Amino acid sequence: MNQVSRRQLLKSLGAMGLIAGAPNVFGNNLARKRIGVALVGLGYYSRDLLAPALQMTKHCYLAGIVTGSPEKIPQWQKNYRIADYNVYNYDNMHQLANNPDIDVVYVVTPTGTHKKFTEIAANAGKHVWCEKPMAMNEQECQDMIAVCKKNKVQLTIGYRMQHEPNTQRIIQLAKQKPYGDIKTIIAEAGYNGTGASHSWRADPAMGGGAMYDMGVYPLNAARYTAGEEPIAVTSATMSSTTEVYKNVDETTRFELEFASGARAVCATSYAQSMNQLRAECAKGWYELKPFQSYSGVKGSTSDGIILPPAPENQQARQMDNDALAIINNSPVLVPGEEGMKDIIIVEAIFKAAKEAKRIVL
């Protein structure tokens with residue numbers, strides 16, 4: 001494919017809403033109502049990102065909070081005018097069943113608690129948005145999917161990157177292959193967290209460690225960039241020599257093999273900053289760098305095409321898309337089954353590292 005036709009392809013992707021700055025994927029639908037969202041867990045991601053983003057959304061709004069830290073409640077109520085009857089704790093969360101103001105519960109707690117809070121929310125008849133990674137293991141994922149199906153509520157996993165315009169272009173390029181067959185994918189996500197507050201991230205029971213916390217970024221990216229599922233994995237994990245991360249993987253490196261012959265070379269770390277996604281193909285390459293930041297995701301191609309950052313807020317776009325799926329009773333972009341695929345591979349990555357051998361998926 002020549003440069004002109006590649007440019008024509010990227011232009012057509014823009015027309016499909018997959019170009020930076022394009023409207024939401026579901027933006028042509030007219031919402032009949034706004035979806036009331038309750039945030040479960042009021043840590044950094046809820047406080048600094050989701051709650052502000054909910055002030056920008058068109059199809060949902062911050063209706064309530066669920067927290068185990070009562071000292072946080074007054075400030076949240078002051079900032080967002082949350083009524084007393086829309087404030088819950090982890091013990092009375094089941095009473096959401098009696099609250100018509102809240103349509104969806106967004107679980108934003110450590111991974112080790114996702115199954116518990118998803119089950120409470122689903123049994124209360126509320127749709128569930130669950131942050132990634134979905135859960136600790138495949139069985140927990142299956143239980144979460146089952147309880148949501150039983151209660152006829154939607155379950156969507158918070159892979160915000162799959163809603164991001166440049167990422168959606170990468171997903172489409174896997175199907176169109178304008179640069180020929182994909183040979184090698186490089187996907188890396190990590191940060192130097194030696195001086196950061198580690199809290200649950202150092203606790204293996206809560207889903208701590210680089211692979212669960214950050215590793216799902218390169219893992220999920222390798223899958224959607226390849227456009228196929230891996231067939232085997234090899235890996236190695238490294239724990240810290242310091243007290244902070246001695247009980248979890250501080251760095252994990254893994255390689256995925258695909259039936260097409262493509263391979264993905266991936267890394268995640270608490271000790272090193274890294275943030276890139278690159279596809280090396282038979283007739284060229286394309287990349288996003290950074291590829292998983294909260295803003296400024298941008299990229300380029302081997303024939304000089306620039307992929308500029310999208311101006312919109314990533315979390316607002318994600319939540320509006322997921323809200324429209326509820327309003328229209330339409331399929332969600334990232335269902336529980338997608339989150340489970342990553343967790344199955346995460347388990348295989350740890351097994352491959354422990355046994356020092358290639359694991360067939």
# chains A, B, ... in the order shown; residues from 1 in each chain; ligands from 1

$ select_by_dssp --residues "stretch 89-302 of chain A" --states "helix (DSSP H, G or I)" --output "VMD selection string"
chain A and resid 93 to 98 111 to 123 138 to 150 160 to 163 165 to 176 199 to 202 204 to 206 210 to 226

$ residues_around --residues "A:Asn151" --least-positions-apart "4" --cutoff "7 Å" --atoms "only C-alpha atoms" --output "list in words"
Ala122, Asn123, Gly125 and Val147 of chain A

$ closest_residue --among "A:Cys281, A:Leu39, A:Ala51, A:Met238" --to "A:Leu173" --atoms "only C-alpha atoms"
A:Cys281

$ select_by_dssp --residues "stretch 97-222 of chain A" --states "strand (DSSP E)" --output "list in words"
Val104, Val105, Tyr106, Val107, His127, Val128, Trp129, Cys130, Leu155, Thr156, Ile157, Ile182, Lys183, Thr184, Ile185, Ile186, Ala187, Glu188, Ala189, Gly190, Tyr191 and Asn192 of chain A

$ residues_around --residues "A:Val153" --least-positions-apart "6" --cutoff "12 Å" --atoms "only C-alpha atoms" --output "PyMOL selection string"
chain A and resi 103-105+118-119+121-129+144-147+325-327+329-332+335-336

$ write_last_selection --atoms "C-alpha atoms" --output "PDB file, in the first residue's frame"
ATOM      1  CA  ASP A 103     -27.816   3.596  38.130  1.00  0.00           C
ATOM      2  CA  VAL A 104     -24.224   2.388  38.045  1.00  0.00           C
ATOM      3  CA  VAL A 105     -21.528   1.635  40.608  1.00  0.00           C
ATOM      4  CA  THR A 118     -19.031  -6.034  42.004  1.00  0.00           C
ATOM      5  CA  GLU A 119     -21.199  -8.736  43.554  1.00  0.00           C
ATOM      6  CA  ALA A 121     -23.508  -3.783  43.346  1.00  0.00           C
ATOM      7  CA  ALA A 122     -24.947  -6.333  40.915  1.00  0.00           C
ATOM      8  CA  ASN A 123     -27.084  -7.935  43.600  1.00  0.00           C
ATOM      9  CA  ALA A 124     -28.406  -4.445  44.376  1.00  0.00           C
ATOM     10  CA  GLY A 125     -29.514  -4.252  40.735  1.00  0.00           C
ATOM     11  CA  LYS A 126     -26.912  -1.699  39.680  1.00  0.00           C
ATOM     12  CA  HIS A 127     -24.783  -1.751  36.547  1.00  0.00           C
ATOM     13  CA  VAL A 128     -21.072  -2.149  37.262  1.00  0.00           C
ATOM     14  CA  TRP A 129     -18.073  -0.295  35.930  1.00  0.00           C
ATOM     15  CA  MET A 144     -18.277 -11.350  38.407  1.00  0.00           C
ATOM     16  CA  ILE A 145     -19.588 -12.013  34.904  1.00  0.00           C
ATOM     17  CA  ALA A 146     -22.092 -14.537  36.236  1.00  0.00           C
ATOM     18  CA  VAL A 147     -23.530 -12.308  38.979  1.00  0.00           C
ATOM     19  CA  ALA A 325     -24.432   1.634  26.446  1.00  0.00           C
ATOM     20  CA  ILE A 326     -26.692   1.557  29.508  1.00  0.00           C
ATOM     21  CA  ILE A 327     -29.123   4.145  28.134  1.00  0.00           C
ATOM     22  CA  ASN A 329     -29.148  -1.149  26.196  1.00  0.00           C
ATOM     23  CA  SER A 330     -26.359  -1.756  23.701  1.00  0.00           C
ATOM     24  CA  PRO A 331     -23.157  -3.811  23.988  1.00  0.00           C
ATOM     25  CA  VAL A 332     -20.393  -2.244  26.063  1.00  0.00           C
ATOM     26  CA  PRO A 335     -17.097  -6.242  28.650  1.00  0.00           C
ATOM     27  CA  GLY A 336     -16.083  -8.501  31.510  1.00  0.00           C
TER      28      GLY A 336
END

$ atom_distance --atom1 "atom CA of A:Ile349" --atom2 "atom CA of A:Ala279"
21.4 Å

$ residues_around --residues "A:Ala262" --least-positions-apart "2" --cutoff "9 Å" --atoms "only C-alpha atoms" --output "compact mmCIF listing (two decimals) with C-alpha atoms, in the first residue's frame"
# COMPACT_ATOMS: atom_id res chain seq x y z
CA ASP A 181 1.92 -8.05 8.46
CA ILE A 182 2.83 -7.17 12.02
CA LYS A 183 6.15 -8.72 13.00
CA THR A 184 7.04 -7.31 16.43
CA ILE A 185 5.10 -5.31 19.00
CA ALA A 226 -1.90 -7.61 17.17
CA LEU A 256 3.71 -13.13 23.81
CA GLU A 257 3.62 -15.36 20.74
CA PHE A 258 0.79 -15.15 18.21
CA ALA A 259 -0.40 -17.70 15.65
CA SER A 260 0.39 -15.27 12.81
CA ALA A 264 5.08 -8.91 21.53

$ residues_around --residues "stretch 158-165 of chain A" --least-positions-apart "2" --cutoff "10 Å" --atoms "only C-alpha atoms" --output "PyMOL selection string"
chain A and resi 13-14+17-25+106-108+129-134+155-156+167-171+216-217+220-221+224+291-295+297-298+307-319+321-322+333-336+338-339

$ write_last_selection --atoms "C-alpha atoms" --output "CSV table (one decimal), in the first residue's frame"
chain,number,residue,atom,x,y,z
A,13,LEU,CA,-10.8,6.1,10.3
A,14,GLY,CA,-11.3,9.8,11.2
A,17,GLY,CA,-14.8,8.7,14.9
A,18,LEU,CA,-11.4,7.1,15.4
A,19,ILE,CA,-9.2,10.2,14.8
A,20,ALA,CA,-8.0,12.5,17.6
A,21,GLY,CA,-10.6,15.1,18.3
A,22,ALA,CA,-13.5,13.2,16.8
A,23,PRO,CA,-16.8,12.9,18.7
A,24,ASN,CA,-17.5,9.9,21.0
A,25,VAL,CA,-17.9,6.6,19.2
A,106,TYR,CA,-17.9,2.4,39.6
A,107,VAL,CA,-15.6,0.1,41.6
A,108,VAL,CA,-12.3,2.0,42.0
A,129,TRP,CA,-18.1,-0.3,35.9
A,130,CYS,CA,-15.0,-2.0,37.3
A,131,GLU,CA,-11.5,-0.6,37.1
A,132,LYS,CA,-8.8,-2.7,35.6
A,133,PRO,CA,-7.3,-5.2,36.2
A,134,MET,CA,-10.6,-6.9,36.5
A,155,LEU,CA,-20.5,-5.2,33.5
A,156,THR,CA,-17.8,-3.1,31.8
A,167,THR,CA,-5.6,3.9,20.4
A,168,GLN,CA,-8.8,3.1,18.4
A,169,ARG,CA,-6.8,3.9,15.3
A,170,ILE,CA,-4.2,1.4,16.3
A,171,ILE,CA,-6.9,-1.2,16.8
A,216,VAL,CA,-2.2,-4.9,32.0
A,217,TYR,CA,-1.5,-1.8,29.9
A,220,ASN,CA,-4.0,-5.4,26.7
A,221,ALA,CA,-2.1,-3.2,24.2
A,224,TYR,CA,-5.4,-5.1,20.5
A,291,PHE,CA,0.5,5.4,24.8
A,292,GLN,CA,-1.2,5.1,28.2
A,293,SER,CA,-0.8,8.5,29.9
A,294,TYR,CA,-4.0,10.3,31.1
A,295,SER,CA,-3.5,12.9,28.4
A,297,VAL,CA,-1.3,10.2,23.8
A,298,LYS,CA,0.3,10.8,20.5
A,307,LEU,CA,-1.1,11.2,15.3
A,308,PRO,CA,-1.8,14.3,17.4
A,309,PRO,CA,-3.2,14.1,21.0
A,310,ALA,CA,-7.0,14.2,21.4
A,311,PRO,CA,-8.2,17.3,23.2
A,312,GLU,CA,-11.0,15.6,25.2
A,313,ASN,CA,-10.7,14.1,28.7
A,314,GLN,CA,-10.1,10.4,28.5
A,315,GLN,CA,-12.1,9.5,31.6
A,316,ALA,CA,-15.1,11.6,30.5
A,317,ARG,CA,-15.1,10.0,27.1
A,318,GLN,CA,-14.9,6.5,28.6
A,319,MET,CA,-17.8,7.1,31.0
A,321,ASN,CA,-19.6,5.9,26.1
A,322,ASP,CA,-20.3,3.4,28.9
A,333,LEU,CA,-17.0,-1.5,24.4
A,334,VAL,CA,-15.0,-3.5,27.0
A,335,PRO,CA,-17.1,-6.2,28.7
A,336,GLY,CA,-16.1,-8.5,31.5
A,338,GLU,CA,-12.3,-8.8,27.7
A,339,GLY,CA,-11.0,-8.2,31.2

$ closest_residue --among "A:Ala282, A:Thr234, A:Ser199, A:Gln75" --to "A:Lys177" --atoms "only C-alpha atoms"
A:Ala282
